[in-house]
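Enquirer: The structure follows.
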Amino acid sequence: MCIPKFRRSRMSVRRRRASFWYRDPVTVGECSRCHEPKLPHRICKNCGFYNGRDILKLEAKTDSDT
């Protein structure tokens with residue numbers, strides 16, 4: 001693992017970090033089963049579905065749970 005030989009100046013650090021504010025926003029996809037918005041390559045939080053399979057076994061909500 002590399003160790004920096006010299007300390008970075010405040011100006012160098014701030015110049016490097018100045019570009020962080022305009023990064024691309026996170027893309028949001030759609031679940032193929034329930035059509036809720038979800039992040040790409042993640043399990044759907046609503047139905048537990050990913051890549052054609054049920055990953056999470058989620059309980060069905062009933063009226064008494066709310």
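The chains in the structure tokens are called A, B, ... from first to last as shown; in each chain the residues are counted from 1, and the ligands are counted from 1 in the order shown.
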Output as a PyMOL selection string all residues of chain A that backbone DSSP marks as strand (DSSP E or B).
Expert: chain A and resi 29-30+37-38+49-50+53-54
Enquirer: Can you write out the residues you just picked, keeping C-alpha atoms, as a short mmCIF file (atom, residue, chain, number, x, y, z; two decimals), in the first residue's frame?
Expert:
```cif
data_model
loop_
_atom_site.label_atom_id
_atom_site.label_comp_id
_atom_site.auth_asym_id
_atom_site.auth_seq_id
_atom_site.Cartn_x
_atom_site.Cartn_y
_atom_site.Cartn_z
CA GLY A 29 -35.10 1.83 -12.15
CA GLU A 30 -38.42 0.05 -11.90
CA PRO A 37 -38.98 2.52 -8.04
CA LYS A 38 -35.77 0.79 -6.96
CA PHE A 49 -37.81 -9.67 -6.04
CA TYR A 50 -34.45 -9.65 -7.87
CA ARG A 53 -36.40 -14.81 -8.21
CA ASP A 54 -37.92 -14.18 -4.80
#
```
Enquirer: Which neighbours of region 45-47 of chain A fall inside 8 Å, counting only C-alpha atoms, when residues of the same chain fewer than 6 positions from it are skipped, and could you give them as a VMD selection string?
Expert: chain A and resid 33 to 34 36 38 56 58
Enquirer: Go ahead and write the residues just picked, N, CA and C atoms, as a compact mmCIF listing (two decimals), in the first residue's frame.
Expert:
```
# COMPACT_ATOMS: atom_id res chain seq x y z
N ARG A 33 -41.68 -6.67 -11.27
CA ARG A 33 -42.88 -7.32 -10.76
C ARG A 33 -43.91 -6.33 -10.23
N CYS A 34 -43.51 -5.46 -9.31
CA CYS A 34 -44.48 -4.56 -8.68
C CYS A 34 -44.43 -3.14 -9.23
N GLU A 36 -42.51 -0.69 -8.65
CA GLU A 36 -42.11 0.35 -7.70
C GLU A 36 -40.71 0.82 -8.06
N LYS A 38 -36.83 1.45 -7.72
CA LYS A 38 -35.77 0.79 -6.96
C LYS A 38 -34.43 1.12 -7.59
N LEU A 56 -36.26 -12.28 -0.86
CA LEU A 56 -36.75 -12.09 0.50
C LEU A 56 -38.19 -12.58 0.59
N LEU A 58 -41.24 -11.74 2.19
CA LEU A 58 -41.88 -10.66 2.95
C LEU A 58 -43.28 -11.06 3.33
```
Enquirer: When you count only C-alpha atoms, which of these residues is closest to His41 (chain A): A:Ala18, A:Cys2, A:Met11, A:Val28?
Expert: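 Smallest distance to His41 (chain A) is found for A:Val28.
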Enquirer: Any idea what the distance is between CA of Ser9 (chain A) and CA of Tyr22 (chain A)?
Expert: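 Result for CA of Ser9 (chain A) versus CA of Tyr22 (chain A): 23.0 Å, one decimal.
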Enquirer: Run DSSP on the backbone and grab whatever in chain A lands in alpha helix (DSSP H); send it over as a ChimeraX atom specification.
Expert: /A:10-17
Enquirer: What separation in Å, quoted to one decimal, exists between CA of Gly52 (chain A) and CA of Pro40 (chain A)?
Expert: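 Answer for the CA of Gly52 (chain A) to CA of Pro40 (chain A) separation: 13.9 Å.
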Enquirer: In Å to one decimal, how far is CA of Ser32 (chain A) from CA of Ile55 (chain A)?
Expert: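 Between CA of Ile55 (chain A) and CA of Ser32 (chain A) the gap is 14.0 Å.
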